[in-house]
Amino acid sequence: MKYLNKTVFSLVVAGMSMLSGNLNAQFLGGHRLKSDEDGPKGQFMVYGSLDYSKLTTPSSSSSTVSSSPLGVGYFINNNDLIGVNYAYSQNTVDHNVVYKQNEAGIWYSPSLMLGKYFVLIGQVDAHYVWGQQLSTAADAMQNFNGFRLRAYPLIGILLGGGWALKFKFAELSMLQTKTKEEGWTKNYVAGISGSTFGVGISKNLDFRKKSKNDN
């Protein structure tokens, strides 16, 4: 029950944060597209990014491969999307994998236009998490699973042709995982830092049949 209470509390906080962002955007002149305006309603969107980093010292080397969620969403109206996504990360030390994590789940994303080429976006993710990590006690890989709840804002730059750059600049998240040997491990992130900043790209896809009047 205590995990359920924390989950509900985190979702409430995430929702309040996104509402605050929407209000601030309206003060900046942001607006939501009306249902009768030309917009992406009925289109699909694919998005994501891949990252790789490596650190080499005279005595060892380590590397990280990760995908900031790769996802697909559907515009239920001109301003809101729902979809599914997947993320993967892997850490290697001296050519040996010490940690790998998968996560998959659903997401919701509202947006506000800031002029013609910029858009303020909020996103909430609810993910199931699973993977393996190196156990220092047993000197072997052990399985873990859990869940992640995350909310974050983005600034989008519309490039034309359905393409957009997305800049994430803050995050509020909760990650809880457990193993048979060690029980629950909890990790919380809140605020703005280098670890919460990210850049991705998205593409809108329109599979709707166009009438002759659209030509």
# chains A, B, ... in the order shown; residues from 1 in each chain; ligands from 1

$ residues_around --residues "A:Leu149" --least-positions-apart "4" --cutoff "7 Å" --atoms "only C-alpha atoms" --output "list in words"
Asp125, Ala126, His127, Ser173, Met174 and Leu175 of chain A

$ write_last_selection --atoms "C-alpha atoms" --output "tab-separated table (two decimals), in the first residue's frame"
chain	number	residue	atom	x	y	z
A	125	ASP	CA	5.69	8.50	-18.70
A	126	ALA	CA	4.58	5.40	-16.78
A	127	HIS	CA	7.02	2.54	-17.39
A	173	SER	CA	10.93	11.21	-11.76
A	174	MET	CA	10.79	8.22	-9.45
A	175	LEU	CA	12.46	4.89	-10.23

$ closest_atom_pairs --of "stretch 120-164 of chain A" --to "stretch 180-188 of chain A" --cutoff "9 Å" --atoms "only C-alpha atoms" --output "CSV"
residue,atom,partner,partner_atom,distance
A:Gln142,CA,A:Lys180,CA,8.5
A:Asn143,CA,A:Lys180,CA,8.1
A:Phe144,CA,A:Lys180,CA,7.8
A:Gly146,CA,A:Trp184,CA,8.5

$ write_last_selection --atoms "N, CA and C atoms" --output "PDB file, in the first residue's frame"
ATOM      1  N   GLN A 142      22.521 -10.218 -11.583  1.00  0.00           N
ATOM      2  CA  GLN A 142      21.251 -10.581 -10.985  1.00  0.00           C
ATOM      3  C   GLN A 142      20.125  -9.777 -11.632  1.00  0.00           C
ATOM      4  N   ASN A 143      18.951 -10.392 -11.733  1.00  0.00           N
ATOM      5  CA  ASN A 143      17.809  -9.760 -12.374  1.00  0.00           C
ATOM      6  C   ASN A 143      17.133  -8.771 -11.426  1.00  0.00           C
ATOM      7  N   PHE A 144      16.553  -7.737 -12.013  1.00  0.00           N
ATOM      8  CA  PHE A 144      15.744  -6.805 -11.241  1.00  0.00           C
ATOM      9  C   PHE A 144      14.550  -6.371 -12.073  1.00  0.00           C
ATOM     10  N   GLY A 146      10.877  -3.406 -11.793  1.00  0.00           N
ATOM     11  CA  GLY A 146      10.254  -2.339 -11.030  1.00  0.00           C
ATOM     12  C   GLY A 146       9.450  -1.430 -11.933  1.00  0.00           C
TER      13      GLY A 146
END

$ closest_residue --among "A:Gly161, A:Pro69, A:Pro153, A:Pro110" --to "A:Asp206" --atoms "only C-alpha atoms"
A:Gly161

$ residues_around --residues "A:Gly200" --least-positions-apart "4" --cutoff "9 Å" --atoms "only C-alpha atoms" --output "list in words"
Tyr47, Gly48, Ser49, Leu50, Ser68, Ala164, Leu165, Lys166, Phe167 and Lys168 of chain A

$ select_by_dssp --residues "chain A" --states "helix (DSSP H, G or I)" --output "PyMOL selection string"
chain A and resi 2-27+194-196+212-214

$ write_last_selection --atoms "C-alpha atoms" --output "tab-separated table (two decimals), in the first residue's frame"
chain	number	residue	atom	x	y	z
A	2	LYS	CA	2.83	2.41	0.79
A	3	TYR	CA	4.19	2.01	-2.76
A	4	LEU	CA	0.72	2.73	-4.17
A	5	ASN	CA	0.44	5.90	-2.06
A	6	LYS	CA	3.84	7.12	-3.28
A	7	THR	CA	2.85	6.36	-6.85
A	8	VAL	CA	-0.38	8.36	-6.59
A	9	PHE	CA	1.46	11.23	-4.88
A	10	SER	CA	4.09	11.31	-7.63
A	11	LEU	CA	1.43	11.41	-10.35
A	12	VAL	CA	-0.34	14.29	-8.59
A	13	VAL	CA	2.92	16.23	-8.31
A	14	ALA	CA	3.69	15.56	-11.98
A	15	GLY	CA	0.24	16.75	-13.02
A	16	MET	CA	0.57	19.92	-10.95
A	17	SER	CA	3.96	20.63	-12.49
A	18	MET	CA	2.61	20.27	-16.03
A	19	LEU	CA	-0.41	22.47	-15.20
A	20	SER	CA	1.92	25.13	-13.83
A	21	GLY	CA	3.96	24.95	-17.03
A	22	ASN	CA	0.83	25.39	-19.14
A	23	LEU	CA	-0.23	28.46	-17.15
A	24	ASN	CA	3.23	30.00	-17.42
A	25	ALA	CA	3.20	29.41	-21.17
A	26	GLN	CA	-0.14	31.21	-21.48
A	27	PHE	CA	1.38	34.22	-19.75
A	194	GLY	CA	23.13	18.34	-16.80
A	195	SER	CA	21.65	14.88	-16.21
A	196	THR	CA	18.11	16.12	-16.90
A	212	LYS	CA	-9.58	16.30	-53.67
A	213	ASN	CA	-10.34	19.60	-51.91
A	214	ASP	CA	-7.03	19.29	-50.01

$ atom_distance --atom1 "atom CA of A:Gly105" --atom2 "atom CA of A:Leu81"
14.3 Å

$ residues_around --residues "A:Gln43" --least-positions-apart "5" --cutoff "12 Å" --atoms "only C-alpha atoms" --output "short mmCIF file (atom, residue, chain, number, x, y, z; two decimals) with C-alpha atoms, in the first residue's frame"
data_model
loop_
_atom_site.label_atom_id
_atom_site.label_comp_id
_atom_site.auth_asym_id
_atom_site.auth_seq_id
_atom_site.Cartn_x
_atom_site.Cartn_y
_atom_site.Cartn_z
CA ASP A 38 -5.16 23.28 -39.35
CA VAL A 72 5.25 6.44 -31.26
CA GLY A 73 2.23 8.56 -30.45
CA TYR A 74 -1.13 9.54 -31.87
CA PHE A 75 -2.60 13.07 -31.90
CA ILE A 76 -6.05 12.72 -30.35
CA ASN A 77 -6.55 16.42 -31.14
CA ASN A 78 -4.32 19.28 -32.33
CA ASN A 79 -2.57 19.60 -28.96
CA ASP A 80 -2.49 16.24 -27.14
CA LEU A 81 -0.78 12.93 -27.85
CA ILE A 82 -0.95 9.48 -26.29
CA GLY A 83 1.43 6.68 -27.14
CA GLY A 162 6.70 17.30 -39.92
CA LYS A 203 8.67 13.27 -37.16
CA ASN A 204 4.93 13.53 -37.77
CA LEU A 205 3.46 10.95 -40.15
CA ASP A 206 0.13 11.53 -41.85
CA PHE A 207 -1.64 8.39 -43.07
CA ARG A 208 -5.01 10.05 -43.47
CA LYS A 209 -6.66 9.91 -46.85
#

$ atom_distance --atom1 "atom CA of A:Ala140" --atom2 "atom CA of A:Gln101"
15.8 Å

$ closest_residue --among "A:Asp51, A:Met141, A:Asn102, A:Lys116" --to "A:Val65" --atoms "only C-alpha atoms"
A:Asp51

$ atom_distance --atom1 "atom CA of A:Val46" --atom2 "atom CA of A:Tyr152"
17.9 Å

$ select_by_dssp --residues "chain A" --states "strand (DSSP E or B)" --output "VMD selection string"
chain A and resid 31 44 to 56 61 to 75 80 to 93 96 to 114 118 to 135 140 to 160 163 to 168 171 to 179 183 to 191 198 to 205

$ residues_around --residues "A:Leu154" --least-positions-apart "2" --cutoff "10 Å" --atoms "only C-alpha atoms" --output "ChimeraX atom specification"
/A:111,119-123,152,156-157,165-171,197-200

$ closest_residue --among "A:Val93, A:Leu55, A:Val129, A:Ile201" --to "A:Leu159" --atoms "only C-alpha atoms"
A:Ile201

$ closest_residue --among "A:Leu172, A:Thr177, A:Asp94, A:Lys41" --to "A:Thr57" --atoms "only C-alpha atoms"
A:Asp94

$ decode --residues "stretch 135-154 of chain A" --atoms "N, CA and C atoms" --output "compact mmCIF listing (two decimals), in the first residue's frame"
# COMPACT_ATOMS: atom_id res chain seq x y z
N SER A 135 26.10 -7.99 -9.17
CA SER A 135 26.03 -8.07 -7.72
C SER A 135 27.44 -8.14 -7.16
N THR A 136 27.81 -7.20 -6.32
CA THR A 136 29.16 -7.20 -5.74
C THR A 136 29.33 -8.35 -4.75
N ALA A 137 28.23 -8.76 -4.12
CA ALA A 137 28.33 -9.86 -3.15
C ALA A 137 28.55 -11.20 -3.83
N ALA A 138 27.76 -11.46 -4.90
CA ALA A 138 27.85 -12.76 -5.57
C ALA A 138 28.79 -12.73 -6.76
N ASP A 139 29.26 -11.54 -7.16
CA ASP A 139 30.11 -11.38 -8.33
C ASP A 139 29.47 -12.01 -9.56
N ALA A 140 28.19 -11.76 -9.72
CA ALA A 140 27.43 -12.29 -10.86
C ALA A 140 26.28 -11.34 -11.16
N MET A 141 25.73 -11.48 -12.37
CA MET A 141 24.60 -10.64 -12.76
C MET A 141 23.32 -11.15 -12.09
N GLN A 142 22.52 -10.22 -11.58
CA GLN A 142 21.25 -10.58 -10.99
C GLN A 142 20.12 -9.78 -11.63
N ASN A 143 18.95 -10.39 -11.73
CA ASN A 143 17.81 -9.76 -12.37
C ASN A 143 17.13 -8.77 -11.43
N PHE A 144 16.55 -7.74 -12.01
CA PHE A 144 15.74 -6.81 -11.24
C PHE A 144 14.55 -6.37 -12.07
N ASN A 145 13.53 -5.84 -11.42
CA ASN A 145 12.38 -5.27 -12.11
C ASN A 145 11.76 -4.20 -11.22
N GLY A 146 10.88 -3.41 -11.79
CA GLY A 146 10.25 -2.34 -11.03
C GLY A 146 9.45 -1.43 -11.93
N PHE A 147 9.41 -0.15 -11.59
CA PHE A 147 8.64 0.80 -12.38
C PHE A 147 9.26 2.19 -12.28
N ARG A 148 8.93 3.02 -13.27
CA ARG A 148 9.38 4.41 -13.28
C ARG A 148 8.20 5.31 -13.65
N LEU A 149 8.07 6.40 -12.91
CA LEU A 149 7.12 7.47 -13.23
C LEU A 149 7.93 8.73 -13.47
N ARG A 150 7.63 9.42 -14.55
CA ARG A 150 8.46 10.57 -14.92
C ARG A 150 7.61 11.63 -15.60
N ALA A 151 7.89 12.91 -15.28
CA ALA A 151 7.27 14.05 -15.93
C ALA A 151 8.35 15.06 -16.26
N TYR A 152 8.26 15.64 -17.46
CA TYR A 152 9.29 16.61 -17.84
C TYR A 152 8.76 17.55 -18.93
N PRO A 153 9.31 18.77 -18.97
CA PRO A 153 8.94 19.74 -20.01
C PRO A 153 9.96 19.72 -21.14
N LEU A 154 9.52 20.12 -22.33
CA LEU A 154 10.40 20.23 -23.49
C LEU A 154 10.05 21.50 -24.26
